[in-house]
Every structure is written in C-alpha cells, then in structure tokens.
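Here is data_0.cif, consisting of mmCIF, C-alpha atoms, pLDDT in the B column; chains and numbers go by the auth columns:
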data_protein
#
loop_
_atom_site.group_PDB
_atom_site.id
_atom_site.type_symbol
_atom_site.label_atom_id
_atom_site.label_comp_id
_atom_site.label_asym_id
_atom_site.label_seq_id
_atom_site.Cartn_x
_atom_site.Cartn_y
_atom_site.Cartn_z
_atom_site.B_iso_or_equiv
_atom_site.auth_seq_id
_atom_site.auth_asym_id
ATOM 1 C CA MET A 1 0.000 0.000 0.000 85.00 11 A
ATOM 2 C CA LYS A 2 3.071 2.279 0.015 96.00 12 A
ATOM 3 C CA ALA A 3 4.702 3.723 -3.092 96.00 13 A
ATOM 4 C CA VAL A 4 7.642 6.134 -3.435 97.00 14 A
ATOM 5 C CA GLU A 5 8.414 8.354 -6.418 96.00 15 A
ATOM 6 C CA ARG A 6 11.347 10.769 -6.848 97.00 16 A
ATOM 7 C CA TRP A 7 12.207 13.303 -9.521 97.00 17 A
ATOM 8 C CA VAL A 8 14.131 16.538 -9.976 98.00 18 A
ATOM 9 C CA SER A 9 11.669 19.408 -9.727 98.00 19 A
ATOM 10 C CA PRO A 10 12.189 21.882 -12.574 97.00 20 A
ATOM 11 C CA ARG A 11 10.689 24.618 -10.393 97.00 21 A
ATOM 12 C CA MET A 12 12.863 24.091 -7.323 98.00 22 A
ATOM 13 C CA GLU A 13 15.863 22.712 -9.237 96.00 23 A
ATOM 14 C CA GLN A 14 16.394 19.864 -6.779 96.00 24 A
ATOM 15 C CA GLU A 15 15.159 16.383 -5.989 96.00 25 A
ATOM 16 C CA PHE A 16 11.608 16.011 -4.748 95.00 26 A
ATOM 17 C CA THR A 17 10.008 12.917 -3.186 97.00 27 A
ATOM 18 C CA LEU A 18 6.348 11.926 -3.105 98.00 28 A
ATOM 19 C CA VAL A 19 5.124 8.992 -0.997 98.00 29 A
ATOM 20 C CA ARG A 20 1.679 7.407 -1.184 98.00 30 A
ATOM 21 C CA TRP A 21 -0.112 5.202 1.342 98.00 31 A
ATOM 22 C CA GLY A 22 -3.367 3.603 0.245 96.00 32 A
ATOM 23 C CA HIS A 23 -5.236 2.571 -2.870 91.00 33 A
ATOM 24 C CA SER A 24 -8.500 4.523 -3.162 93.00 34 A
ATOM 25 C CA GLY A 25 -10.747 7.154 -1.651 95.00 35 A
ATOM 26 C CA THR A 26 -10.343 10.871 -1.077 96.00 36 A
ATOM 27 C CA PRO A 27 -6.777 12.057 -1.731 97.00 37 A
ATOM 28 C CA VAL A 28 -5.228 13.672 1.359 98.00 38 A
ATOM 29 C CA LEU A 29 -1.951 15.570 1.040 98.00 39 A
ATOM 30 C CA VAL A 30 -0.243 15.801 4.448 98.00 40 A
ATOM 31 C CA LEU A 31 2.618 18.280 4.442 98.00 41 A
ATOM 32 C CA PRO A 32 5.570 17.844 6.815 97.00 42 A
ATOM 33 C CA THR A 33 6.630 20.073 9.671 97.00 43 A
ATOM 34 C CA ALA A 34 9.529 22.514 9.152 92.00 44 A
ATOM 35 C CA GLY A 35 12.313 20.616 7.366 88.00 45 A
ATOM 36 C CA GLY A 36 10.663 17.190 7.410 96.00 46 A
ATOM 37 C CA ASP A 37 10.789 14.771 4.519 98.00 47 A
ATOM 38 C CA ALA A 38 8.059 12.822 2.741 98.00 48 A
ATOM 39 C CA GLU A 39 8.246 9.914 5.200 98.00 49 A
ATOM 40 C CA GLU A 40 8.163 12.034 8.372 98.00 50 A
ATOM 41 C CA VAL A 41 4.458 11.323 8.876 98.00 51 A
ATOM 42 C CA GLU A 42 5.176 7.581 8.823 98.00 52 A
ATOM 43 C CA ARG A 43 8.149 7.723 11.214 98.00 53 A
ATOM 44 C CA HIS A 44 6.068 9.726 13.678 98.00 54 A
ATOM 45 C CA HIS A 45 3.185 7.219 13.469 98.00 55 A
ATOM 46 C CA LEU A 46 0.606 9.531 11.921 98.00 56 A
ATOM 47 C CA ILE A 47 0.074 7.022 9.108 98.00 57 A
ATOM 48 C CA THR A 48 -0.612 4.363 11.749 98.00 58 A
ATOM 49 C CA LYS A 49 -3.247 6.615 13.333 98.00 59 A
ATOM 50 C CA LEU A 50 -4.914 6.937 9.915 98.00 60 A
ATOM 51 C CA GLY A 51 -4.608 3.218 9.259 97.00 61 A
ATOM 52 C CA ASP A 52 -8.295 2.326 9.394 97.00 62 A
ATOM 53 C CA LEU A 53 -9.220 5.098 6.976 98.00 63 A
ATOM 54 C CA ILE A 54 -6.449 4.026 4.594 97.00 64 A
ATOM 55 C CA GLU A 55 -7.154 0.306 4.800 97.00 65 A
ATOM 56 C CA SER A 56 -10.907 0.770 4.300 96.00 66 A
ATOM 57 C CA GLY A 57 -10.274 2.732 1.107 96.00 67 A
ATOM 58 C CA ALA A 58 -11.757 5.948 2.493 97.00 68 A
ATOM 59 C CA ILE A 59 -8.562 7.938 1.875 97.00 69 A
ATOM 60 C CA THR A 60 -5.224 7.749 0.136 97.00 70 A
ATOM 61 C CA VAL A 61 -2.518 9.727 1.947 98.00 71 A
ATOM 62 C CA TYR A 62 0.306 11.501 0.152 98.00 72 A
ATOM 63 C CA SER A 63 3.272 13.413 1.548 98.00 73 A
ATOM 64 C CA CYS A 64 6.245 15.200 -0.001 98.00 74 A
ATOM 65 C CA ASP A 65 9.539 16.681 1.141 97.00 75 A
ATOM 66 C CA SER A 66 9.358 20.059 2.884 97.00 76 A
ATOM 67 C CA VAL A 67 11.988 21.544 0.587 97.00 77 A
ATOM 68 C CA ALA A 68 11.321 25.186 1.459 97.00 78 A
ATOM 69 C CA GLY A 69 10.965 24.409 5.165 96.00 79 A
ATOM 70 C CA ARG A 70 14.337 22.679 5.131 95.00 80 A
ATOM 71 C CA ALA A 71 15.920 25.817 3.669 96.00 81 A
ATOM 72 C CA MET A 72 14.278 27.899 6.412 95.00 82 A
ATOM 73 C CA THR A 73 15.506 25.708 9.256 93.00 83 A
ATOM 74 C CA ARG A 74 19.052 25.578 7.846 94.00 84 A
ATOM 75 C CA SER A 75 19.149 29.267 6.792 95.00 85 A
ATOM 76 C CA THR A 76 20.176 28.121 3.338 97.00 86 A
ATOM 77 C CA GLY A 77 21.216 30.910 0.984 97.00 87 A
ATOM 78 C CA THR A 78 19.885 34.455 1.125 97.00 88 A
ATOM 79 C CA VAL A 79 16.490 35.731 2.240 97.00 89 A
ATOM 80 C CA GLU A 80 15.658 36.181 -1.434 98.00 90 A
ATOM 81 C CA TYR A 81 16.555 32.558 -2.181 98.00 91 A
ATOM 82 C CA ARG A 82 14.511 31.192 0.731 97.00 92 A
ATOM 83 C CA THR A 83 11.406 33.179 -0.181 98.00 93 A
ATOM 84 C CA TRP A 84 11.841 32.284 -3.865 98.00 94 A
ATOM 85 C CA LEU A 85 12.057 28.625 -2.873 98.00 95 A
ATOM 86 C CA LEU A 86 8.897 28.879 -0.755 98.00 96 A
ATOM 87 C CA ASN A 87 6.998 30.309 -3.701 98.00 97 A
ATOM 88 C CA GLN A 88 8.419 27.636 -5.998 98.00 98 A
ATOM 89 C CA PHE A 89 7.534 24.907 -3.482 98.00 99 A
ATOM 90 C CA HIS A 90 3.879 25.891 -3.614 98.00 100 A
ATOM 91 C CA GLY A 91 4.076 25.870 -7.394 98.00 101 A
ATOM 92 C CA ALA A 92 5.708 22.436 -7.376 98.00 102 A
ATOM 93 C CA VAL A 93 2.933 21.032 -5.189 98.00 103 A
ATOM 94 C CA ALA A 94 0.260 22.476 -7.472 98.00 104 A
ATOM 95 C CA HIS A 95 1.858 21.599 -10.802 98.00 105 A
ATOM 96 C CA GLU A 96 3.918 18.487 -10.017 97.00 106 A
ATOM 97 C CA ILE A 97 2.547 16.775 -6.895 97.00 107 A
ATOM 98 C CA VAL A 98 -1.183 17.244 -7.545 97.00 108 A
ATOM 99 C CA PRO A 99 -0.985 15.969 -11.152 96.00 109 A
ATOM 100 C CA ALA A 100 0.827 12.886 -9.833 94.00 110 A
ATOM 101 C CA MET A 101 -2.016 12.425 -7.325 95.00 111 A
ATOM 102 C CA HIS A 102 -4.536 12.760 -10.150 94.00 112 A
ATOM 103 C CA THR A 103 -3.058 9.705 -11.862 90.00 113 A
ATOM 104 C CA ASP A 104 -4.449 7.707 -8.910 85.00 114 A
ATOM 105 C CA SER A 105 -7.604 9.601 -7.992 79.00 115 A
ATOM 106 C CA GLY A 106 -8.684 11.284 -11.203 84.00 116 A
ATOM 107 C CA GLN A 107 -9.580 14.940 -10.910 84.00 117 A
ATOM 108 C CA ARG A 108 -10.944 14.663 -7.362 91.00 118 A
ATOM 109 C CA LEU A 109 -10.396 17.622 -5.066 96.00 119 A
ATOM 110 C CA ALA A 110 -7.850 16.786 -2.379 97.00 120 A
ATOM 111 C CA VAL A 111 -7.802 17.630 1.293 98.00 121 A
ATOM 112 C CA VAL A 112 -4.540 19.359 2.247 98.00 122 A
ATOM 113 C CA ALA A 113 -3.346 19.163 5.848 98.00 123 A
ATOM 114 C CA GLY A 114 -0.306 19.798 7.975 98.00 124 A
ATOM 115 C CA ALA A 115 1.027 20.774 11.358 98.00 125 A
ATOM 116 C CA SER A 116 3.262 23.709 12.303 97.00 126 A
ATOM 117 C CA ILE A 117 4.902 24.941 9.062 97.00 127 A
ATOM 118 C CA GLY A 118 2.850 22.262 7.336 98.00 128 A
ATOM 119 C CA ALA A 119 -0.264 24.108 8.510 98.00 129 A
ATOM 120 C CA PHE A 120 1.018 27.332 6.950 98.00 130 A
ATOM 121 C CA ASN A 121 1.673 25.557 3.668 98.00 131 A
ATOM 122 C CA SER A 122 -1.736 23.851 3.733 98.00 132 A
ATOM 123 C CA VAL A 123 -3.661 27.090 4.179 98.00 133 A
ATOM 124 C CA ALA A 124 -1.454 28.860 1.636 98.00 134 A
ATOM 125 C CA LEU A 125 -2.081 26.157 -0.936 98.00 135 A
ATOM 126 C CA ILE A 126 -5.869 26.170 -0.668 98.00 136 A
ATOM 127 C CA CYS A 127 -5.882 29.971 -0.839 98.00 137 A
ATOM 128 C CA ARG A 128 -3.607 30.022 -3.867 98.00 138 A
ATOM 129 C CA PHE A 129 -5.058 27.004 -5.695 98.00 139 A
ATOM 130 C CA PRO A 130 -8.699 26.541 -4.638 98.00 140 A
ATOM 131 C CA GLN A 131 -9.328 24.663 -7.881 98.00 141 A
ATOM 132 C CA LEU A 132 -7.169 21.800 -6.538 98.00 142 A
ATOM 133 C CA PHE A 133 -8.218 21.469 -2.887 98.00 143 A
ATOM 134 C CA GLY A 134 -11.629 21.114 -1.296 98.00 144 A
ATOM 135 C CA ALA A 135 -10.590 21.687 2.312 98.00 145 A
ATOM 136 C CA ALA A 136 -7.531 22.493 4.406 98.00 146 A
ATOM 137 C CA ILE A 137 -6.696 21.348 7.936 99.00 147 A
ATOM 138 C CA GLY A 138 -4.134 23.530 9.692 98.00 148 A
ATOM 139 C CA MET A 139 -2.920 22.101 13.003 98.00 149 A
ATOM 140 C CA SER A 140 -0.842 24.147 15.460 98.00 150 A
ATOM 141 C CA GLY A 141 -0.067 26.567 12.699 98.00 151 A
ATOM 142 C CA THR A 142 2.095 29.637 12.313 95.00 152 A
ATOM 143 C CA TYR A 143 0.591 31.592 9.449 97.00 153 A
ATOM 144 C CA ASP A 144 3.295 34.115 8.646 94.00 154 A
ATOM 145 C CA VAL A 145 6.834 32.758 8.289 96.00 155 A
ATOM 146 C CA GLU A 146 8.753 36.020 7.949 96.00 156 A
ATOM 147 C CA ARG A 147 10.809 35.291 11.078 94.00 157 A
ATOM 148 C CA PHE A 148 11.833 31.907 9.675 94.00 158 A
ATOM 149 C CA VAL A 149 12.950 33.159 6.272 95.00 159 A
ATOM 150 C CA GLY A 150 14.493 36.323 7.697 95.00 160 A
ATOM 151 C CA GLY A 151 12.740 39.079 5.773 95.00 161 A
ATOM 152 C CA VAL A 152 10.034 40.150 3.344 96.00 162 A
ATOM 153 C CA THR A 153 10.157 39.955 -0.454 97.00 163 A
ATOM 154 C CA ASP A 154 7.555 39.837 -3.225 97.00 164 A
ATOM 155 C CA ASP A 155 7.858 36.034 -3.175 98.00 165 A
ATOM 156 C CA LEU A 156 6.961 35.959 0.510 98.00 166 A
ATOM 157 C CA TYR A 157 3.979 38.237 -0.112 97.00 167 A
ATOM 158 C CA PHE A 158 2.556 35.955 -2.793 97.00 168 A
ATOM 159 C CA ALA A 159 3.221 32.825 -0.699 98.00 169 A
ATOM 160 C CA THR A 160 1.563 34.111 2.487 98.00 170 A
ATOM 161 C CA PRO A 161 -2.254 34.268 2.633 98.00 171 A
ATOM 162 C CA ARG A 162 -2.265 36.673 5.585 98.00 172 A
ATOM 163 C CA ARG A 163 -0.487 39.098 3.237 98.00 173 A
ATOM 164 C CA PHE A 164 -2.086 38.517 -0.171 98.00 174 A
ATOM 165 C CA LEU A 165 -5.621 37.468 0.759 98.00 175 A
ATOM 166 C CA PRO A 166 -6.873 40.958 1.719 98.00 176 A
ATOM 167 C CA GLY A 167 -6.256 42.067 -1.873 97.00 177 A
ATOM 168 C CA LEU A 168 -7.639 38.939 -3.555 97.00 178 A
ATOM 169 C CA ASP A 169 -10.718 39.354 -5.726 97.00 179 A
ATOM 170 C CA GLY A 170 -12.406 37.865 -8.751 97.00 180 A
ATOM 171 C CA PRO A 171 -12.997 34.230 -9.771 97.00 181 A
ATOM 172 C CA SER A 172 -10.241 32.833 -7.543 97.00 182 A
ATOM 173 C CA LEU A 173 -11.858 34.361 -4.472 98.00 183 A
ATOM 174 C CA ASP A 174 -15.300 33.219 -5.601 98.00 184 A
ATOM 175 C CA LEU A 175 -13.980 29.649 -5.766 98.00 185 A
ATOM 176 C CA LEU A 176 -12.153 29.933 -2.447 98.00 186 A
ATOM 177 C CA ARG A 177 -15.443 30.939 -0.811 98.00 187 A
ATOM 178 C CA GLN A 178 -16.714 27.461 -1.713 98.00 188 A
ATOM 179 C CA ARG A 179 -13.919 25.790 0.282 98.00 189 A
ATOM 180 C CA PHE A 180 -13.478 25.163 4.020 98.00 190 A
ATOM 181 C CA VAL A 181 -10.503 25.757 6.305 98.00 191 A
ATOM 182 C CA ILE A 182 -10.111 24.204 9.760 99.00 192 A
ATOM 183 C CA LEU A 183 -7.634 25.920 12.090 99.00 193 A
ATOM 184 C CA ALA A 184 -6.943 23.784 15.142 98.00 194 A
ATOM 185 C CA SER A 185 -4.571 24.428 18.023 98.00 195 A
ATOM 186 C CA GLY A 186 -3.963 23.438 21.589 98.00 196 A
ATOM 187 C CA THR A 187 -2.943 25.937 24.232 98.00 197 A
ATOM 188 C CA GLY A 188 -0.293 23.771 25.867 98.00 198 A
ATOM 189 C CA ALA A 189 3.486 24.061 25.559 98.00 199 A
ATOM 190 C CA TRP A 190 4.782 25.760 22.400 98.00 200 A
ATOM 191 C CA GLU A 191 1.285 26.309 21.021 98.00 201 A
ATOM 192 C CA ASN A 192 0.047 29.759 19.978 98.00 202 A
ATOM 193 C CA ILE A 193 -3.648 29.733 19.173 98.00 203 A
ATOM 194 C CA ASP A 194 -3.518 33.483 18.478 98.00 204 A
ATOM 195 C CA GLU A 195 -1.947 32.559 15.132 98.00 205 A
ATOM 196 C CA SER A 196 -5.073 30.584 14.231 98.00 206 A
ATOM 197 C CA TRP A 197 -7.379 33.413 15.247 98.00 207 A
ATOM 198 C CA ALA A 198 -5.345 35.905 13.194 98.00 208 A
ATOM 199 C CA MET A 199 -5.569 33.652 10.135 98.00 209 A
ATOM 200 C CA ALA A 200 -9.288 33.122 10.704 98.00 210 A
ATOM 201 C CA LYS A 201 -9.845 36.875 10.809 98.00 211 A
ATOM 202 C CA VAL A 202 -8.256 37.348 7.388 98.00 212 A
ATOM 203 C CA LEU A 203 -10.236 34.435 5.927 98.00 213 A
ATOM 204 C CA GLY A 204 -13.478 35.629 7.487 98.00 214 A
ATOM 205 C CA GLU A 205 -13.084 39.163 6.212 98.00 215 A
ATOM 206 C CA LYS A 206 -12.941 37.745 2.667 98.00 216 A
ATOM 207 C CA GLY A 207 -15.944 35.472 3.212 98.00 217 A
ATOM 208 C CA VAL A 208 -13.955 32.217 3.250 98.00 218 A
ATOM 209 C CA PRO A 209 -15.636 29.562 5.436 98.00 219 A
ATOM 210 C CA ASN A 210 -13.402 28.590 8.341 98.00 220 A
ATOM 211 C CA ARG A 211 -13.431 27.450 11.962 98.00 221 A
ATOM 212 C CA VAL A 212 -10.980 27.750 14.844 98.00 222 A
ATOM 213 C CA ASP A 213 -10.931 24.833 17.291 98.00 223 A
ATOM 214 C CA ASP A 214 -9.296 25.324 20.694 98.00 224 A
ATOM 215 C CA TRP A 215 -8.161 21.943 22.013 98.00 225 A
ATOM 216 C CA GLY A 216 -7.078 23.387 25.345 98.00 226 A
ATOM 217 C CA PRO A 217 -3.999 23.175 27.579 98.00 227 A
ATOM 218 C CA GLY A 218 -3.742 19.397 27.434 98.00 228 A
ATOM 219 C CA TYR A 219 -2.574 19.562 23.830 98.00 229 A
ATOM 220 C CA GLU A 220 1.001 20.650 23.118 98.00 230 A
ATOM 221 C CA HIS A 221 2.964 21.337 19.942 98.00 231 A
ATOM 222 C CA GLU A 222 3.786 17.665 19.554 98.00 232 A
ATOM 223 C CA TRP A 223 2.827 14.662 17.443 98.00 233 A
ATOM 224 C CA PRO A 224 0.304 13.208 19.937 98.00 234 A
ATOM 225 C CA THR A 225 -1.782 16.353 19.424 98.00 235 A
ATOM 226 C CA TRP A 226 -1.810 15.820 15.659 98.00 236 A
ATOM 227 C CA TRP A 227 -2.507 12.097 16.110 98.00 237 A
ATOM 228 C CA ALA A 228 -5.749 13.148 17.791 98.00 238 A
ATOM 229 C CA MET A 229 -6.652 15.986 15.452 98.00 239 A
ATOM 230 C CA LEU A 230 -6.143 14.694 11.935 98.00 240 A
ATOM 231 C CA PRO A 231 -8.204 11.461 12.064 98.00 241 A
ATOM 232 C CA GLN A 232 -11.074 13.343 13.720 98.00 242 A
ATOM 233 C CA TYR A 233 -11.130 16.091 11.108 98.00 243 A
ATOM 234 C CA LEU A 234 -10.821 13.737 8.171 98.00 244 A
ATOM 235 C CA ARG A 235 -13.803 11.733 9.435 98.00 245 A
ATOM 236 C CA GLU A 236 -15.746 14.991 9.774 98.00 246 A
ATOM 237 C CA LEU A 237 -14.905 16.113 6.248 97.00 247 A
ATOM 238 C CA LEU A 238 -15.623 12.701 4.760 95.00 248 A
ATOM 239 C CA GLY A 239 -19.049 12.713 6.427 86.00 249 A
#

As structure tokens, please, write out the structure in this file.
Amino acid sequence: MKAVERWVSPRMEQEFTLVRWGHSGTPVLVLPTAGGDAEEVERHHLITKLGDLIESGAITVYSCDSVAGRAMTRSTGTVEYRTWLLNQFHGAVAHEIVPAMHTDSGQRLAVVAGASIGAFNSVALICRFPQLFGAAIGMSGTYDVERFVGGVTDDLYFATPRRFLPGLDGPSLDLLRQRFVILASGTGAWENIDESWAMAKVLGEKGVPNRVDDWGPGYEHEWPTWWAMLPQYLRELLG
C-alpha cells in the first residue's frame, strides 16, 4: 500500500520525493513540519493513526519533502533565495505533486493538511489554488513565516495568505469561498492559538468559510496532538 516516487523538480531545481499510502478514496496531502521529509508522517506514526481510513479505502494519503521548510531551518542561501524557494515549493505542489495524485484519484479535489509549518503551507495552498483542494486542515499553525525566512520579499507576499488574501478578488476568491478551512490548536506548551485566530480573521473578512478549534492546555505542539486531530477532522470532512 506504500509507493515512493522521486524526480528533480524543474521549479525548485532539486530532488523532490512523493510517498503514497493507500489505494483509493479521497486524496489527502499531508505536508511535513519545518524541514521534514516525505516519510516524516510515517516515522512519527501519523500514518498508523490513519490506518483504518487508509485500509478501508476511504482515503489515500500523500506526503512530499518540505523543501522550502528545510531551507528555512538551515538558513540556506539568502532571504531572497529562501522566499523564492517557498513560492516555488507551492508551485511544485500544485503543478507536479497534484498531477501525480490525479493519476491515482482522477480529478478529485484533495484535502490538504499539515502541522506547524505544514499548517502554513496547507492554508497557503488552498488559498492560492482553490481549484485543486476542497478543504484544508491547519494544526498548530504559524501563518506568517517572515521570522523563519528572515525578511520580506515579493515572493513571501505571494506565498503568504495573511499578506495577499486581503487584496484577492475575482474568480479565484469566488472559488475559495466554496472551500473550508479548519484551524486547530492546543494551548499547551509551544502552542500559539492566536496565530489561528489571526488567520481566521483574514479568511473571514474575505468570506472564506473557516473554523478555529481550541483543544485546550492538554494539547502541546507535539505529534500526539496531531494524532488526535487529523483522524477526527478527516472523518468529519468525509461525512
């Protein structure tokens, strides 16, 4: 039920890995934390927690390398390079990863999900490419990564929904208003639910359906929190 594919991304000019778990059902793209790779979600047992949904054919899970997040955590290159790479990463997901997913699922809208930096990328992707994703699940998210990349450039503006969404209009916004964004966070150690509320405010002001869920102080910025969150939200979205 697991398949691995690697290629050199023409957008990011480096190797990119996509891993798939499952055989049918709704496609779910789970993006890694910070500098995680495509198999991070398996090593940290999130795939195990989704096992019944995968084995029943309700979902197929995909994950890819966090190429831009890796550059952030390692301070690779200049600020301009890191923000360029973030913008290119989103483009690579939309134009390389999603078409690869479509070879399995057809043209079905995917759910995009992630924790921490993965939450940022998930919300950014549905806002930028609402034609590809039906819903986003952001867990324990930070929704503006300026402090991680080290500065602001045009690339960062276009990659960050808290920056570009206030000015968005037209058909793309009309389509985004037909999507749904879940912003979930605990209030335990290393969590900052204010980030979710700030993102929700920007979405709400543009009429984008969203919900903030406060999981409380018993949930920290750790994998056990996301083990609890993601299966619950996927079951909700699948109905």

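Between CA of Ala44 (chain A) and CA of Ser76 (chain A) the interatomic distance comes to 6.7 Å.
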
Problem set entry | Evaluate the PyMOL selection byres ((chain A and resi 105) around 12) and report residues as JSON, numbers by chain | {"A": [19, 20, 21, 22, 98, 99, 100, 101, 102, 103, 104, 106, 107, 108, 109, 110, 111, 112, 135, 139, 141, 142]}

Exercise. Got a sec to resolve the PyMOL selection byres ((chain A and resi 166) around 8) on this structure and send the residues as a ChimeraX atom specification?
Worked result: /A:93-94,96-97,156,162-165,167-170

For this session: Would you kindly return, as an MDAnalysis selection string, each protein, DNA or RNA residue with an atom no farther than 9 Å from any atom of Val159 (chain A), considering all atoms listed in the file and excluding same-chain residues fewer than 5 positions away?
Result: chainID A and resid 81:83 85 88:90 92:93 166

Residues as selected, C-alpha atoms, written as a CSV table (one decimal), keeping the file's coordinate frame, can you do that?
chain,number,residue,atom,x,y,z
A,81,ALA,CA,15.9,25.8,3.7
A,82,MET,CA,14.3,27.9,6.4
A,83,THR,CA,15.5,25.7,9.3
A,85,SER,CA,19.1,29.3,6.8
A,88,THR,CA,19.9,34.5,1.1
A,89,VAL,CA,16.5,35.7,2.2
A,90,GLU,CA,15.7,36.2,-1.4
A,92,ARG,CA,14.5,31.2,0.7
A,93,THR,CA,11.4,33.2,-0.2
A,166,LEU,CA,7.0,36.0,0.5

Problem set entry | Interatomic distance, CA of Met239 (chain A) to CA of Leu63 (chain A) (Å, one decimal) |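 Straight-line distance from CA of Met239 (chain A) to CA of Leu63 (chain A) works out to 14.0 Å.
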
For this session: Evaluate the PyMOL selection byres ((chain A and resi 146) around 9) on the structure here and hand back the selected residues as a VMD selection string.
Result: chain A and resid 120 to 124 129 132 to 133 135 to 136 143 to 145 147 to 148 189 to 193

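Taking CA of His33 (chain A) as the reference point, CA of Ala78 (chain A) is found at 28.4 Å.
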
Written coordinates, N, CA, C and O atoms of region 55-67 of chain A as a PDB file, in the first residue's frame:
ATOM      1  N   HIS A  55       4.365   8.059  13.196  1.00  0.00           N
ATOM      2  CA  HIS A  55       3.185   7.219  13.469  1.00  0.00           C
ATOM      3  C   HIS A  55       1.856   7.851  13.089  1.00  0.00           C
ATOM      4  O   HIS A  55       0.802   7.324  13.465  1.00  0.00           O
ATOM      5  N   LEU A  56       1.870   8.950  12.348  1.00  0.00           N
ATOM      6  CA  LEU A  56       0.606   9.531  11.921  1.00  0.00           C
ATOM      7  C   LEU A  56      -0.093   8.622  10.911  1.00  0.00           C
ATOM      8  O   LEU A  56      -1.329   8.508  10.919  1.00  0.00           O
ATOM      9  N   ILE A  57       0.669   7.961  10.056  1.00  0.00           N
ATOM     10  CA  ILE A  57       0.074   7.022   9.108  1.00  0.00           C
ATOM     11  C   ILE A  57      -0.608   5.876   9.860  1.00  0.00           C
ATOM     12  O   ILE A  57      -1.706   5.437   9.488  1.00  0.00           O
ATOM     13  N   THR A  58       0.009   5.411  10.931  1.00  0.00           N
ATOM     14  CA  THR A  58      -0.612   4.363  11.749  1.00  0.00           C
ATOM     15  C   THR A  58      -1.952   4.832  12.294  1.00  0.00           C
ATOM     16  O   THR A  58      -2.943   4.075  12.305  1.00  0.00           O
ATOM     17  N   LYS A  59      -2.009   6.079  12.768  1.00  0.00           N
ATOM     18  CA  LYS A  59      -3.247   6.615  13.333  1.00  0.00           C
ATOM     19  C   LYS A  59      -4.343   6.749  12.275  1.00  0.00           C
ATOM     20  O   LYS A  59      -5.536   6.775  12.613  1.00  0.00           O
ATOM     21  N   LEU A  60      -3.954   6.853  11.011  1.00  0.00           N
ATOM     22  CA  LEU A  60      -4.914   6.937   9.915  1.00  0.00           C
ATOM     23  C   LEU A  60      -5.165   5.576   9.269  1.00  0.00           C
ATOM     24  O   LEU A  60      -5.854   5.488   8.252  1.00  0.00           O
ATOM     25  N   GLY A  61      -4.615   4.538   9.875  1.00  0.00           N
ATOM     26  CA  GLY A  61      -4.608   3.218   9.259  1.00  0.00           C
ATOM     27  C   GLY A  61      -5.971   2.689   8.871  1.00  0.00           C
ATOM     28  O   GLY A  61      -6.136   2.113   7.784  1.00  0.00           O
ATOM     29  N   ASP A  62      -6.982   2.876   9.728  1.00  0.00           N
ATOM     30  CA  ASP A  62      -8.295   2.326   9.394  1.00  0.00           C
ATOM     31  C   ASP A  62      -8.921   3.041   8.210  1.00  0.00           C
ATOM     32  O   ASP A  62      -9.578   2.417   7.364  1.00  0.00           O
ATOM     33  N   LEU A  63      -8.694   4.346   8.111  1.00  0.00           N
ATOM     34  CA  LEU A  63      -9.220   5.098   6.976  1.00  0.00           C
ATOM     35  C   LEU A  63      -8.510   4.699   5.682  1.00  0.00           C
ATOM     36  O   LEU A  63      -9.130   4.635   4.615  1.00  0.00           O
ATOM     37  N   ILE A  64      -7.213   4.438   5.772  1.00  0.00           N
ATOM     38  CA  ILE A  64      -6.449   4.026   4.594  1.00  0.00           C
ATOM     39  C   ILE A  64      -6.853   2.619   4.166  1.00  0.00           C
ATOM     40  O   ILE A  64      -7.153   2.363   2.992  1.00  0.00           O
ATOM     41  N   GLU A  65      -6.889   1.714   5.121  1.00  0.00           N
ATOM     42  CA  GLU A  65      -7.154   0.306   4.800  1.00  0.00           C
ATOM     43  C   GLU A  65      -8.574   0.085   4.303  1.00  0.00           C
ATOM     44  O   GLU A  65      -8.819  -0.816   3.483  1.00  0.00           O
ATOM     45  N   SER A  66      -9.518   0.901   4.753  1.00  0.00           N
ATOM     46  CA  SER A  66     -10.907   0.770   4.300  1.00  0.00           C
ATOM     47  C   SER A  66     -11.134   1.368   2.926  1.00  0.00           C
ATOM     48  O   SER A  66     -12.212   1.198   2.341  1.00  0.00           O
ATOM     49  N   GLY A  67     -10.131   2.092   2.408  1.00  0.00           N
ATOM     50  CA  GLY A  67     -10.274   2.732   1.107  1.00  0.00           C
ATOM     51  C   GLY A  67     -10.960   4.072   1.164  1.00  0.00           C
ATOM     52  O   GLY A  67     -11.319   4.637   0.125  1.00  0.00           O
TER      53      GLY A  67
END
